[in-house]
$ cat structure-v4.cif   # mmCIF, C-alpha atoms
data_upload
#
loop_
_atom_site.label_atom_id
_atom_site.label_comp_id
_atom_site.auth_asym_id
_atom_site.auth_seq_id
_atom_site.Cartn_x
_atom_site.Cartn_y
_atom_site.Cartn_z
CA MET X 1176 28.32 -26.68 6.85
CA ALA X 1177 27.12 -23.08 6.80
CA ASP X 1178 26.96 -21.40 3.42
CA ARG X 1179 29.43 -18.63 2.66
CA VAL X 1180 28.00 -15.25 3.63
CA PRO X 1181 27.38 -13.31 0.38
CA ALA X 1182 28.80 -9.80 0.03
CA THR X 1183 25.52 -8.48 -1.33
CA ILE X 1184 21.96 -9.61 -1.96
CA GLY X 1185 20.25 -7.37 -4.46
CA LYS X 1186 21.00 -3.78 -3.45
CA TYR X 1187 21.73 -4.75 0.17
CA ARG X 1188 25.25 -5.12 1.55
CA ILE X 1189 25.40 -8.18 3.81
CA GLU X 1190 27.22 -7.95 7.15
CA ARG X 1191 26.62 -11.30 8.86
CA GLU X 1192 24.24 -14.21 9.32
CA LEU X 1193 21.48 -13.80 11.89
CA GLY X 1194 19.91 -17.25 11.75
CA ARG X 1195 18.73 -20.06 9.52
CA GLY X 1196 15.88 -22.51 9.16
CA ALA X 1197 14.61 -25.20 6.83
CA SER X 1198 13.60 -22.76 4.10
CA GLY X 1199 16.32 -20.13 4.19
CA VAL X 1200 18.93 -17.99 5.89
CA VAL X 1201 18.40 -14.57 7.50
CA TYR X 1202 21.23 -12.06 7.13
CA LEU X 1203 21.88 -8.65 8.62
CA GLY X 1204 22.02 -6.26 5.69
CA LEU X 1205 22.48 -2.56 5.08
CA ASP X 1206 20.21 -0.48 2.88
CA GLY X 1207 22.77 2.08 1.75
CA LEU X 1208 20.21 4.32 0.06
CA ARG X 1209 18.21 4.82 3.26
CA GLY X 1210 21.08 4.28 5.68
CA ARG X 1211 19.28 1.60 7.71
CA LYS X 1212 19.90 -1.96 8.78
CA VAL X 1213 17.55 -4.65 7.45
CA ALA X 1214 16.98 -8.37 7.84
CA VAL X 1215 17.30 -10.20 4.51
CA LYS X 1216 15.66 -13.65 4.36
CA GLN X 1217 17.11 -15.57 1.40
CA MET X 1218 15.83 -18.98 0.28
CA HIS X 1219 18.28 -21.90 0.38
CA ALA X 1220 19.79 -22.41 -3.08
CA HIS X 1221 19.42 -26.20 -2.90
CA LEU X 1222 15.62 -25.83 -2.79
CA LEU X 1223 15.78 -24.55 -6.38
CA ALA X 1224 17.78 -27.45 -7.80
CA GLU X 1225 14.79 -29.34 -9.21
CA PRO X 1226 12.39 -27.29 -11.43
CA ALA X 1227 9.09 -28.52 -9.99
CA GLN X 1228 10.35 -28.12 -6.43
CA ALA X 1229 11.76 -24.67 -7.28
CA ALA X 1230 8.41 -23.52 -8.66
CA ARG X 1231 6.62 -24.69 -5.51
CA HIS X 1232 9.06 -22.93 -3.17
CA ARG X 1233 8.88 -19.72 -5.19
CA ARG X 1234 5.09 -19.77 -4.95
CA GLN X 1235 5.34 -20.24 -1.20
CA LEU X 1236 7.71 -17.27 -0.89
CA GLN X 1237 5.41 -15.17 -3.07
CA SER X 1238 2.53 -16.12 -0.78
CA GLU X 1239 4.53 -15.11 2.30
CA ALA X 1240 5.39 -11.78 0.69
CA ALA X 1241 1.77 -11.13 -0.25
CA LEU X 1242 0.57 -11.91 3.27
CA ALA X 1243 3.32 -9.94 5.03
CA ALA X 1244 2.72 -6.90 2.83
CA ARG X 1245 -0.84 -6.63 4.23
CA LEU X 1246 0.34 -6.34 7.83
CA ARG X 1247 0.95 -2.97 9.52
CA HIS X 1248 1.07 -3.43 13.29
CA PRO X 1249 3.61 -2.24 15.89
CA ASN X 1250 4.07 -5.81 17.15
CA ILE X 1251 4.56 -7.45 13.73
CA VAL X 1252 7.86 -7.16 11.87
CA ARG X 1253 7.28 -5.13 8.71
CA LEU X 1254 8.09 -6.32 5.18
CA LEU X 1255 10.15 -3.66 3.37
CA ASP X 1256 11.08 -5.26 0.06
CA ALA X 1257 10.96 -8.51 -1.90
CA ASP X 1258 12.41 -10.06 -5.05
CA GLU X 1259 10.66 -13.36 -5.73
CA SER X 1260 12.31 -13.73 -9.16
CA ALA X 1261 15.91 -13.50 -7.94
CA THR X 1262 18.07 -16.61 -7.71
CA PRO X 1263 17.74 -17.37 -4.86
CA PRO X 1264 14.67 -15.23 -4.09
CA TYR X 1265 14.60 -13.12 -0.92
CA LEU X 1266 12.45 -10.98 1.35
CA VAL X 1267 13.61 -7.90 3.27
CA PHE X 1268 12.21 -7.04 6.71
CA GLU X 1269 12.81 -4.31 9.26
CA TYR X 1270 15.73 -5.18 11.52
CA LEU X 1271 15.39 -5.31 15.31
CA SER X 1272 18.34 -5.26 17.65
CA GLY X 1273 17.40 -7.94 20.13
CA ARG X 1274 16.99 -11.65 20.63
CA PRO X 1275 14.26 -14.26 20.02
CA LEU X 1276 12.18 -15.22 23.03
CA SER X 1277 13.65 -18.70 22.77
CA ASP X 1278 16.62 -17.16 24.62
CA HIS X 1279 14.30 -16.71 27.63
CA ALA X 1280 12.68 -20.14 27.59
CA SER X 1281 14.98 -22.03 29.96
CA ALA X 1282 14.85 -22.11 33.75
CA ASP X 1283 17.96 -19.90 34.15
CA THR X 1284 16.91 -17.20 31.65
CA LEU X 1285 13.25 -16.56 32.54
CA LEU X 1286 11.84 -13.05 32.34
CA PRO X 1287 9.85 -11.42 35.19
CA VAL X 1288 6.25 -12.64 35.33
CA ALA X 1289 4.86 -9.15 34.69
CA GLN X 1290 6.98 -8.84 31.53
CA VAL X 1291 5.78 -12.24 30.26
CA LEU X 1292 2.16 -11.12 30.73
CA ASP X 1293 2.91 -7.88 28.84
CA ILE X 1294 4.41 -9.93 26.00
CA ALA X 1295 1.33 -12.16 25.92
CA PHE X 1296 -0.90 -9.08 25.83
CA LYS X 1297 0.96 -7.51 22.90
CA CYS X 1298 1.16 -10.77 20.97
CA GLY X 1299 -2.57 -11.23 21.44
CA HIS X 1300 -3.22 -7.81 19.93
CA ALA X 1301 -0.90 -8.59 17.00
CA LEU X 1302 -2.70 -11.88 16.33
CA GLU X 1303 -6.10 -10.20 16.66
CA TYR X 1304 -4.96 -7.77 13.97
CA ALA X 1305 -3.77 -10.67 11.80
CA GLU X 1306 -7.13 -12.39 12.32
CA ARG X 1307 -8.91 -9.26 11.02
CA GLN X 1308 -6.75 -9.58 7.90
CA GLY X 1309 -7.98 -13.16 7.54
CA LEU X 1310 -4.76 -14.81 8.70
CA VAL X 1311 -3.95 -17.70 11.01
CA HIS X 1312 -0.19 -17.73 11.71
CA ARG X 1313 0.11 -21.51 12.35
CA ASP X 1314 3.69 -21.36 13.67
CA ILE X 1315 3.64 -19.38 16.92
CA LYS X 1316 6.75 -20.28 18.96
CA PRO X 1317 9.43 -18.39 20.94
CA ALA X 1318 11.83 -18.41 17.99
CA ASN X 1319 9.25 -16.45 15.96
CA LEU X 1320 8.84 -13.77 18.63
CA LEU X 1321 11.61 -11.17 18.84
CA LEU X 1322 12.31 -9.19 22.01
CA ALA X 1323 14.02 -5.93 21.06
CA ASP X 1324 16.64 -4.27 23.23
CA ASP X 1325 14.09 -1.57 24.13
CA GLY X 1326 11.66 -4.20 25.47
CA GLU X 1327 9.34 -4.21 22.45
CA VAL X 1328 8.15 -7.57 21.12
CA LYS X 1329 7.48 -8.39 17.46
CA LEU X 1330 5.98 -11.37 15.68
CA VAL X 1331 7.86 -12.68 12.65
CA ASP X 1332 7.66 -15.32 9.93
CA PHE X 1333 4.27 -15.63 8.26
CA GLY X 1334 5.72 -18.22 5.90
CA ALA X 1335 3.34 -20.88 7.24
CA ALA X 1336 0.35 -18.56 7.61
CA LEU X 1337 -3.06 -19.58 6.34
CA SER X 1338 -5.17 -16.96 4.58
CA THR X 1339 -8.90 -17.42 4.86
CA GLN X 1340 -9.50 -14.57 2.40
CA SER X 1341 -7.32 -15.68 -0.49
CA GLU X 1342 -6.98 -18.57 -2.89
CA ALA X 1343 -3.21 -18.08 -3.09
CA THR X 1344 -1.06 -21.17 -2.66
CA GLN X 1345 -0.82 -22.19 0.99
CA LEU X 1346 1.26 -24.78 2.76
CA ALA X 1347 -0.99 -27.80 3.22
CA GLY X 1348 -0.94 -30.69 5.63
CA LEU X 1349 0.63 -30.75 9.07
CA VAL X 1350 2.23 -27.30 9.31
CA GLY X 1351 3.99 -25.83 12.34
CA SER X 1352 6.36 -26.85 15.11
CA PRO X 1353 5.13 -30.01 16.91
CA SER X 1354 5.58 -28.74 20.50
CA TYR X 1355 3.37 -25.67 19.83
CA MET X 1356 0.61 -27.19 17.68
CA SER X 1357 -3.01 -27.03 18.77
CA PRO X 1358 -5.08 -30.23 19.01
CA GLU X 1359 -7.06 -29.23 15.91
CA GLN X 1360 -3.80 -28.56 14.08
CA VAL X 1361 -2.60 -32.08 14.95
CA ARG X 1362 -5.87 -33.48 13.55
CA GLU X 1363 -5.44 -31.33 10.39
CA GLU X 1364 -8.84 -29.72 10.94
CA THR X 1365 -9.97 -26.25 9.85
CA LEU X 1366 -8.01 -23.68 11.85
CA THR X 1367 -9.19 -20.40 13.37
CA HIS X 1368 -7.66 -17.84 15.72
CA HIS X 1369 -8.20 -20.37 18.52
CA SER X 1370 -5.33 -22.44 17.13
CA ASP X 1371 -2.91 -19.51 17.38
CA MET X 1372 -4.30 -18.84 20.88
CA PHE X 1373 -3.40 -22.37 21.98
CA SER X 1374 0.10 -22.04 20.51
CA LEU X 1375 0.61 -18.70 22.24
CA GLY X 1376 -0.58 -20.35 25.46
CA VAL X 1377 2.21 -22.92 25.07
CA VAL X 1378 4.70 -20.08 24.59
CA VAL X 1379 3.47 -18.29 27.73
CA TYR X 1380 3.72 -21.57 29.69
CA GLU X 1381 7.30 -22.02 28.51
CA LEU X 1382 8.31 -18.41 29.27
CA LEU X 1383 6.90 -18.76 32.80
CA THR X 1384 8.35 -22.17 33.64
CA GLY X 1385 11.21 -22.97 31.26
CA ARG X 1386 9.34 -26.14 30.19
CA ARG X 1387 6.94 -26.94 27.36
CA PRO X 1388 3.68 -28.49 28.61
CA PHE X 1389 3.34 -31.42 26.19
CA ASP X 1390 6.86 -32.47 25.17
CA GLY X 1391 7.38 -36.21 24.77
CA GLU X 1392 10.40 -38.30 23.83
CA THR X 1393 9.44 -38.18 20.16
CA ASP X 1394 7.39 -35.87 17.96
CA PHE X 1395 4.69 -38.55 17.80
CA ALA X 1396 4.56 -38.72 21.62
CA THR X 1397 4.33 -34.92 21.77
CA LEU X 1398 1.45 -34.81 19.30
CA TYR X 1399 -0.36 -37.56 21.24
CA ARG X 1400 -0.02 -35.64 24.51
CA ILE X 1401 -1.29 -32.45 22.86
CA SER X 1402 -4.41 -34.29 21.74
CA HIS X 1403 -5.11 -36.38 24.83
CA GLU X 1404 -3.32 -35.18 27.98
CA ALA X 1405 -4.01 -32.11 30.12
CA ALA X 1406 -1.12 -29.78 30.91
CA ALA X 1407 0.21 -29.63 34.45
CA ALA X 1408 -0.43 -26.33 36.24
CA PRO X 1409 2.49 -23.92 35.69
CA SER X 1410 2.78 -23.39 39.47
CA LEU X 1411 3.87 -27.01 39.84
CA LEU X 1412 7.04 -26.02 37.99
CA ARG X 1413 7.33 -22.53 39.48
CA ALA X 1414 5.85 -22.43 42.96
CA SER X 1415 5.76 -18.60 43.16
CA LEU X 1416 3.14 -18.37 40.41
CA PRO X 1417 -0.31 -17.46 41.77
CA ALA X 1418 -3.44 -19.49 41.07
CA GLN X 1419 -4.73 -16.79 38.71
CA VAL X 1420 -1.78 -17.43 36.37
CA ASP X 1421 -2.55 -21.16 36.38
CA ALA X 1422 -6.19 -20.46 35.50
CA PHE X 1423 -5.30 -18.14 32.62
CA VAL X 1424 -2.74 -20.46 31.03
CA LEU X 1425 -4.75 -23.64 31.42
CA ARG X 1426 -7.81 -22.05 29.82
CA ALA X 1427 -5.68 -21.02 26.84
CA LEU X 1428 -4.55 -24.67 26.61
CA ALA X 1429 -8.02 -26.18 26.68
CA LYS X 1430 -8.35 -29.09 24.22
CA ALA X 1431 -11.60 -27.82 22.68
CA PRO X 1432 -11.35 -24.44 20.90
CA GLN X 1433 -14.70 -23.30 22.37
CA ASP X 1434 -13.30 -23.78 25.88
CA ARG X 1435 -10.52 -21.24 25.30
CA TYR X 1436 -11.09 -17.49 25.30
CA ALA X 1437 -13.81 -16.67 22.78
CA ARG X 1438 -12.03 -13.71 21.21
CA TRP X 1439 -8.62 -12.08 21.47
CA SER X 1440 -10.34 -9.22 23.30
CA ASP X 1441 -11.30 -11.72 26.03
CA TRP X 1442 -7.69 -12.87 26.14
CA ALA X 1443 -6.61 -9.24 26.62
CA ASP X 1444 -9.22 -8.55 29.31
CA ALA X 1445 -8.15 -11.64 31.25
CA LEU X 1446 -4.49 -10.60 31.07
CA LEU X 1447 -5.33 -7.10 32.23
CA ALA X 1448 -7.20 -8.43 35.26
CA LEU X 1449 -4.36 -10.86 35.97
CA SER X 1450 -1.74 -8.12 35.69
CA ARG X 1451 -3.64 -5.92 38.12
CA SER X 1452 -3.88 -8.76 40.64
CA LEU X 1453 -0.11 -9.21 40.88
CA PRO X 1454 1.63 -7.41 43.78
CA ARG X 1455 3.83 -4.49 42.72
CA GLN X 1456 4.65 -0.90 43.50
CA LYS X 1457 2.36 1.89 42.31
CA SER X 1458 5.06 3.18 39.96
CA GLN X 1459 5.40 -0.17 38.21
CA ASP X 1460 2.40 0.08 35.91
CA THR X 1461 2.80 -2.39 33.08
CA GLU X 1462 2.32 -1.48 29.43
CA THR X 1463 -0.77 -3.67 29.51
CA GLU X 1464 -2.31 -1.40 32.12
CA ARG X 1465 -1.14 1.76 30.39
CA PHE X 1466 -2.78 0.65 27.17
CA ALA X 1467 -6.00 -0.09 29.06
CA ARG X 1468 -5.88 3.36 30.71
CA LEU X 1469 -5.68 5.06 27.32
CA ARG X 1470 -8.36 2.84 25.79
CA ALA X 1471 -10.77 3.75 28.63
CA LEU X 1472 -10.52 7.52 28.01
CA PRO X 1473 -13.20 9.10 25.76
CA PHE X 1474 -10.44 11.19 24.14
CA PHE X 1475 -9.14 8.00 22.47
CA ALA X 1476 -12.52 6.52 21.53
CA GLU X 1477 -11.83 6.83 17.77
CA PHE X 1478 -8.19 5.64 17.96
CA HIS X 1479 -7.49 2.15 16.57
CA ASP X 1480 -5.38 -0.18 18.71
CA VAL X 1481 -2.46 0.17 16.31
CA ALA X 1482 -2.55 3.97 16.73
CA LEU X 1483 -2.63 3.65 20.53
CA TRP X 1484 0.40 1.37 20.57
CA GLU X 1485 2.25 3.84 18.34
CA LEU X 1486 1.32 6.67 20.73
CA MET X 1487 2.65 4.69 23.69
CA ARG X 1488 6.04 4.54 21.97
CA LEU X 1489 6.02 8.28 21.25
CA GLY X 1490 4.88 9.57 24.64
CA HIS X 1491 6.47 9.78 28.08
CA TRP X 1492 4.49 8.92 31.22
CA ARG X 1493 4.94 11.26 34.21
CA ARG X 1494 3.45 11.04 37.68
CA VAL X 1495 3.88 14.36 39.54
CA PRO X 1496 2.78 15.63 42.96
CA ARG X 1497 0.24 18.34 43.71
CA GLY X 1498 1.43 21.87 42.99
CA THR X 1499 3.67 20.95 40.03
CA VAL X 1500 3.72 23.52 37.21
CA LEU X 1501 3.15 21.48 34.06
CA MET X 1502 3.14 24.47 31.70
CA ARG X 1503 3.78 28.18 32.25
CA GLU X 1504 2.07 31.02 30.41
CA GLY X 1505 4.26 33.00 28.00
CA THR X 1506 6.99 30.36 27.67
CA PRO X 1507 7.84 28.37 24.52
CA GLY X 1508 6.32 24.90 24.25
CA ASP X 1509 7.14 21.90 22.08
CA SER X 1510 4.81 19.28 23.60
CA PHE X 1511 1.33 18.67 24.98
CA CYS X 1512 -0.04 16.36 27.66
CA ILE X 1513 -2.95 13.98 28.02
CA LEU X 1514 -4.29 14.01 31.58
CA ILE X 1515 -4.66 10.37 32.65
CA GLU X 1516 -5.37 10.82 36.37
CA GLY X 1517 -6.04 13.75 38.71
CA GLN X 1518 -7.05 17.40 38.28
CA VAL X 1519 -5.18 20.38 36.80
CA ASN X 1520 -5.94 24.08 37.37
CA ILE X 1521 -5.70 26.39 34.34
CA THR X 1522 -5.01 30.10 34.89
CA ARG X 1523 -4.33 33.05 32.60
CA GLN X 1524 -2.86 36.33 33.80
CA GLY X 1525 -3.57 35.24 37.35
CA TRP X 1526 -7.24 34.48 36.69
CA GLN X 1527 -8.65 31.02 37.31
CA LEU X 1528 -10.12 29.71 34.05
CA CYS X 1529 -11.10 26.14 34.89
CA THR X 1530 -10.12 22.84 36.49
CA LEU X 1531 -9.51 20.01 34.03
CA GLU X 1532 -10.33 16.40 34.81
CA ARG X 1533 -8.88 13.17 33.42
CA GLY X 1534 -9.22 12.43 29.71
CA VAL X 1535 -8.40 15.81 28.17
CA SER X 1536 -5.37 17.31 26.47
CA ILE X 1537 -3.36 20.23 27.87
CA GLY X 1538 -1.20 22.56 25.79
CA GLU X 1539 -2.26 21.23 22.39
CA MET X 1540 -2.28 24.73 20.84
CA THR X 1541 1.50 24.65 20.43
CA PHE X 1542 1.00 21.62 18.18
CA LEU X 1543 -1.95 23.10 16.30
CA ARG X 1544 -0.16 26.45 15.84
CA PRO X 1545 3.50 25.59 15.13
CA ASP X 1546 4.07 29.19 13.94
CA ALA X 1547 3.28 30.49 17.46
CA PRO X 1548 4.51 27.84 19.96
CA ILE X 1549 3.98 29.96 23.07
CA ARG X 1550 1.97 28.78 26.06
CA THR X 1551 -1.20 30.83 26.48
CA ALA X 1552 -2.00 29.66 30.02
CA THR X 1553 -0.46 28.12 33.10
CA ALA X 1554 -1.29 24.55 34.15
CA VAL X 1555 -0.69 23.48 37.77
CA SER X 1556 -1.58 20.08 39.23
CA GLU X 1557 -4.38 20.38 41.79
CA SER X 1558 -3.71 16.82 42.99
CA GLU X 1559 -1.19 14.11 42.21
CA VAL X 1560 -1.55 13.62 38.48
CA LEU X 1561 -0.50 11.13 35.84
CA VAL X 1562 0.07 12.59 32.37
CA LEU X 1563 1.23 11.28 29.02
CA LYS X 1564 3.58 13.89 27.54
CA VAL X 1565 3.77 13.88 23.74
CA PRO X 1566 6.58 15.84 22.00
CA ASN X 1567 5.21 17.85 19.05
CA PRO X 1568 8.07 16.83 16.68
CA ALA X 1569 7.44 13.16 17.47
CA LEU X 1570 3.74 13.41 16.58
CA ARG X 1571 4.53 15.33 13.37
CA GLY X 1572 6.84 12.49 12.38
CA ALA X 1573 4.31 9.79 13.30
CA SER X 1574 2.09 7.86 10.91
CA ASP X 1575 -0.67 9.63 9.00
CA THR X 1576 -3.16 7.42 10.84
CA LEU X 1577 -2.06 8.61 14.29
CA GLN X 1578 -1.94 12.25 13.20
CA SER X 1579 -5.44 11.96 11.72
CA CYS X 1580 -6.73 10.45 14.97
CA PHE X 1581 -5.31 13.36 16.93
CA ASP X 1582 -6.68 15.92 14.49
CA LYS X 1583 -10.19 14.55 14.99
CA ALA X 1584 -9.80 14.30 18.77
CA PHE X 1585 -8.48 17.87 19.02
CA ILE X 1586 -11.32 19.23 16.88
CA LYS X 1587 -13.91 17.44 19.02
CA LEU X 1588 -12.25 18.70 22.21
CA LEU X 1589 -11.98 22.31 21.00
CA VAL X 1590 -15.58 22.36 19.78
CA GLY X 1591 -16.68 21.10 23.19
CA ARG X 1592 -14.71 23.84 24.91
CA LEU X 1593 -16.14 26.48 22.56
CA VAL X 1594 -19.69 25.35 23.26
CA ALA X 1595 -19.02 25.42 27.01
CA THR X 1596 -17.55 28.93 26.76
CA ASN X 1597 -20.53 30.20 24.77
CA GLU X 1598 -22.93 28.76 27.33
CA GLN X 1599 -20.98 30.39 30.14
CA VAL X 1600 -20.98 33.76 28.34
CA ALA X 1601 -24.73 33.45 27.80
CA GLU X 1602 -25.21 32.87 31.53
CA TRP X 1603 -23.11 35.95 32.33
CA ASP X 1604 -25.15 38.02 29.89
CA LEU X 1605 -28.35 36.83 31.51
CA VAL X 1606 -27.09 37.74 34.98
CA ALA X 1607 -25.73 41.11 33.87
CA ALA X 1608 -28.80 42.13 31.83
CA PRO X 1609 -30.91 44.98 33.38
CA PRO X 1610 -34.39 44.07 34.51
CA GLU X 1611 -37.13 44.65 31.99
CA LYS X 1612 -39.27 47.72 32.56
CA SER X 1613 -42.83 47.01 33.47
#
$ encode --input "structure-v4.cif" --output "structure tokens"
Amino acid sequence: MADRVPATIGKYRIERELGRGASGVVYLGLDGLRGRKVAVKQMHAHLLAEPAQAARHRRQLQSEAALAARLRHPNIVRLLDADESATPPYLVFEYLSGRPLSDHASADTLLPVAQVLDIAFKCGHALEYAERQGLVHRDIKPANLLLADDGEVKLVDFGAALSTQSEATQLAGLVGSPSYMSPEQVREETLTHHSDMFSLGVVVYELLTGRRPFDGETDFATLYRISHEAAAAPSLLRASLPAQVDAFVLRALAKAPQDRYARWSDWADALLALSRSLPRQKSQDTETERFARLRALPFFAEFHDVALWELMRLGHWRRVPRGTVLMREGTPGDSFCILIEGQVNITRQGWQLCTLERGVSIGEMTFLRPDAPIRTATAVSESEVLVLKVPNPALRGASDTLQSCFDKAFIKLLVGRLVATNEQVAEWDLVAAPPEKS
């Protein structure tokens, strides 16, 4: 029988239960001080009944809190608060309005293939970030991946995570959900990022087909199949899937870790190539491709992946035809653009100044000079162009990391333009100089 929903937990007013597992219950709470909804994960009270058991479970929760506190990534749910000494103890996470991916893991609820590949791409980046923090998640499954109402995906629950950089208490033995375990996890061997890669491969298989690749009649049968039997090609269960999808998924599910993708970056590259190979309309660029477009531009060379994902949430992508006025001289401006594709003509007072190519910003002076947000030139598309439009208020409210990245990129860009202008002026002076007298 479900426990009675408490009225409050700590300073948080509880509204309803969101879900429950073996270790605790997750409630929807309200942080009245900040006026925001939160997810409160409270340990089951019965786990604290016996002193030795209570001490062990508290140490595990403290370990989860310590690990989660290290993680700052747009595709990982953020830890906001914790009280490990409360009875029962609890953790507080950011709340997402959405559903777990387990809601899209049956044949009648499958997501579009392109969206599944985007999810796999983002989860790979999140797990690459976790790997850099010395973490192996060990419990990747659809229930631990949340799909928000806005289409964003977030990884949750590092309660079973293994830290390779800490001697803090870790869950030992066979940890994880049987259907999603890697072969090395079944054998209780040393785990690396390749184990999480296998588990994520199982998730992708399930999201594409509505079936798990190794399920048997019992947990023991499932673990045996994971260790000894090859997965059937996903296209056998969903005939519309192309051969490239089969190849990607089956490589992720290779029995030997060294036969999977070497690094998460290889996983991402393979997904990008796969995404580009799928038929679609020109306007249906996936987030995977958009991320790759930004990463390829020199302007973003010093931006970390986390900063780029944050930027993609802030900005608006626009594809406009030739002759479109992007900015007009003398008018107020509260945004700037990054030119992703095409050419843009810049004029001032009717004079042609230059033609800008892909990979530069346009109109950034209204951000750099908030006291004088007036356009100083007119920008007109010379061809069909693709731009990323960034509202100035959004960037000013963004993380310090993203703002710092833009500050450095703007300085580098402006210095380059100043050098080019000085060289051009020097050429004009040379041409205009009178000939020397003999």
$ resolve_selection --input "structure-v4.cif" --expression "the PyMOL selection byres ((chain X and resi 1281) around 12)" --output "ChimeraX atom specification"
/X:1276-1280,1282-1286,1317,1378,1380-1387,1412
$ closest_atom_pairs --input "structure-v4.cif" --of "segment 1203-1302 of chain X" --to "segment 1434-1438 of chain X" --cutoff "12 Å" --atoms "only C-alpha atoms" --output "JSON lines"
{"residue": "X:Gly1299", "atom": "CA", "partner": "X:Arg1438", "partner_atom": "CA", "distance": 9.8}
{"residue": "X:His1300", "atom": "CA", "partner": "X:Arg1438", "partner_atom": "CA", "distance": 10.7}
{"residue": "X:Leu1302", "atom": "CA", "partner": "X:Arg1438", "partner_atom": "CA", "distance": 10.7}
$ write_last_selection --input "structure-v4.cif" --atoms "C-alpha atoms" --output "PDB file, in the frame of the given file"
ATOM      1  CA  GLY X1299      -2.570 -11.230  21.440  1.00  0.00           C
ATOM      2  CA  HIS X1300      -3.220  -7.810  19.930  1.00  0.00           C
ATOM      3  CA  LEU X1302      -2.700 -11.880  16.330  1.00  0.00           C
TER       4      LEU X1302
END
$ resolve_selection --input "structure-v4.cif" --expression "the PyMOL selection byres ((chain X and resi 1521) around 6)" --output "count of residues only"
6
$ resolve_selection --input "structure-v4.cif" --expression "the PyMOL selection byres ((chain X and resi 1584-1596) around 12)" --output "PyMOL selection string"
chain X and resi 1472-1478+1511+1513+1528-1529+1531+1534-1540+1542-1543+1577-1583+1597-1603
$ closest_residue --input "structure-v4.cif" --among "X:Ala1547, X:Leu1366, X:Cys1298, X:Val1311" --to "Ala1443 of chain X" --atoms "only C-alpha atoms"
X:Cys1298
$ residues_around --input "structure-v4.cif" --residues "segment 1562-1570 of chain X" --least-positions-apart "2" --cutoff "8 Å" --atoms "all atoms listed in the file" --output "short mmCIF file (atom, residue, chain, number, x, y, z; two decimals) with C-alpha atoms, in the coordinates of the input"
data_model
loop_
_atom_site.label_atom_id
_atom_site.label_comp_id
_atom_site.auth_asym_id
_atom_site.auth_seq_id
_atom_site.Cartn_x
_atom_site.Cartn_y
_atom_site.Cartn_z
CA LEU X 1489 6.02 8.28 21.25
CA GLY X 1490 4.88 9.57 24.64
CA HIS X 1491 6.47 9.78 28.08
CA TRP X 1492 4.49 8.92 31.22
CA ARG X 1493 4.94 11.26 34.21
CA ARG X 1494 3.45 11.04 37.68
CA ASP X 1509 7.14 21.90 22.08
CA SER X 1510 4.81 19.28 23.60
CA PHE X 1511 1.33 18.67 24.98
CA CYS X 1512 -0.04 16.36 27.66
CA ILE X 1513 -2.95 13.98 28.02
CA LEU X 1514 -4.29 14.01 31.58
CA ILE X 1515 -4.66 10.37 32.65
CA GLU X 1516 -5.37 10.82 36.37
CA THR X 1541 1.50 24.65 20.43
CA PHE X 1542 1.00 21.62 18.18
CA VAL X 1560 -1.55 13.62 38.48
CA GLY X 1572 6.84 12.49 12.38
CA ALA X 1573 4.31 9.79 13.30
CA LEU X 1577 -2.06 8.61 14.29
CA GLN X 1578 -1.94 12.25 13.20
#
$ residues_around --input "structure-v4.cif" --residues "Ala1230 of chain X" --least-positions-apart "3" --cutoff "12 Å" --atoms "all atoms listed in the file" --output "list in words"
Leu1222, Leu1223, Ala1224, Glu1225, Pro1226, Ala1227, Arg1233, Arg1234, Gln1235, Leu1236, Gln1237, Glu1259, Ser1260, Thr1262, Pro1263, Pro1264 and Thr1344 of chain X
$ atom_distance --input "structure-v4.cif" --atom1 "atom CA of Ala1244 of chain X" --atom2 "atom CA of Val1361 of chain X"
28.4 Å
$ residues_around --input "structure-v4.cif" --residues "segment 1268-1272 of chain X" --least-positions-apart "2" --cutoff "6 Å" --atoms "all atoms listed in the file" --output "list in words"
Lys1212, Val1213, Ala1214, Arg1253, Leu1254, Leu1255, Ala1323 and Asp1324 of chain X
$ residues_around --input "structure-v4.cif" --residues "Gln1217 of chain X" --least-positions-apart "6" --cutoff "9 Å" --atoms "only C-alpha atoms" --output "count of residues only"
11
$ atom_distance --input "structure-v4.cif" --atom1 "atom CA of His1312 of chain X" --atom2 "atom CA of Met1372 of chain X"
10.1 Å
$ closest_residue --input "structure-v4.cif" --among "X:Gly1204, X:Ala1257, X:Arg1245, X:His1232" --to "Ala1182 of chain X" --atoms "only C-alpha atoms"
X:Gly1204
$ atom_distance --input "structure-v4.cif" --atom1 "atom CA of Ser1452 of chain X" --atom2 "atom CA of Ala1289 of chain X"
10.6 Å
$ closest_residue --input "structure-v4.cif" --among "X:Phe1466, X:Trp1439, X:Trp1526, X:Tyr1399" --to "Phe1373 of chain X" --atoms "only C-alpha atoms"
X:Trp1439
$ residues_around --input "structure-v4.cif" --residues "Gln1419 of chain X" --least-positions-apart "5" --cutoff "12 Å" --atoms "all atoms listed in the file" --output "ChimeraX atom specification"
/X:1292,1408-1410,1424-1426,1445-1453
$ write_last_selection --input "structure-v4.cif" --atoms "C-alpha atoms" --output "compact mmCIF listing (two decimals), in the frame of the given file"
# COMPACT_ATOMS: atom_id res chain seq x y z
CA LEU X 1292 2.16 -11.12 30.73
CA ALA X 1408 -0.43 -26.33 36.24
CA PRO X 1409 2.49 -23.92 35.69
CA SER X 1410 2.78 -23.39 39.47
CA VAL X 1424 -2.74 -20.46 31.03
CA LEU X 1425 -4.75 -23.64 31.42
CA ARG X 1426 -7.81 -22.05 29.82
CA ALA X 1445 -8.15 -11.64 31.25
CA LEU X 1446 -4.49 -10.60 31.07
CA LEU X 1447 -5.33 -7.10 32.23
CA ALA X 1448 -7.20 -8.43 35.26
CA LEU X 1449 -4.36 -10.86 35.97
CA SER X 1450 -1.74 -8.12 35.69
CA ARG X 1451 -3.64 -5.92 38.12
CA SER X 1452 -3.88 -8.76 40.64
CA LEU X 1453 -0.11 -9.21 40.88
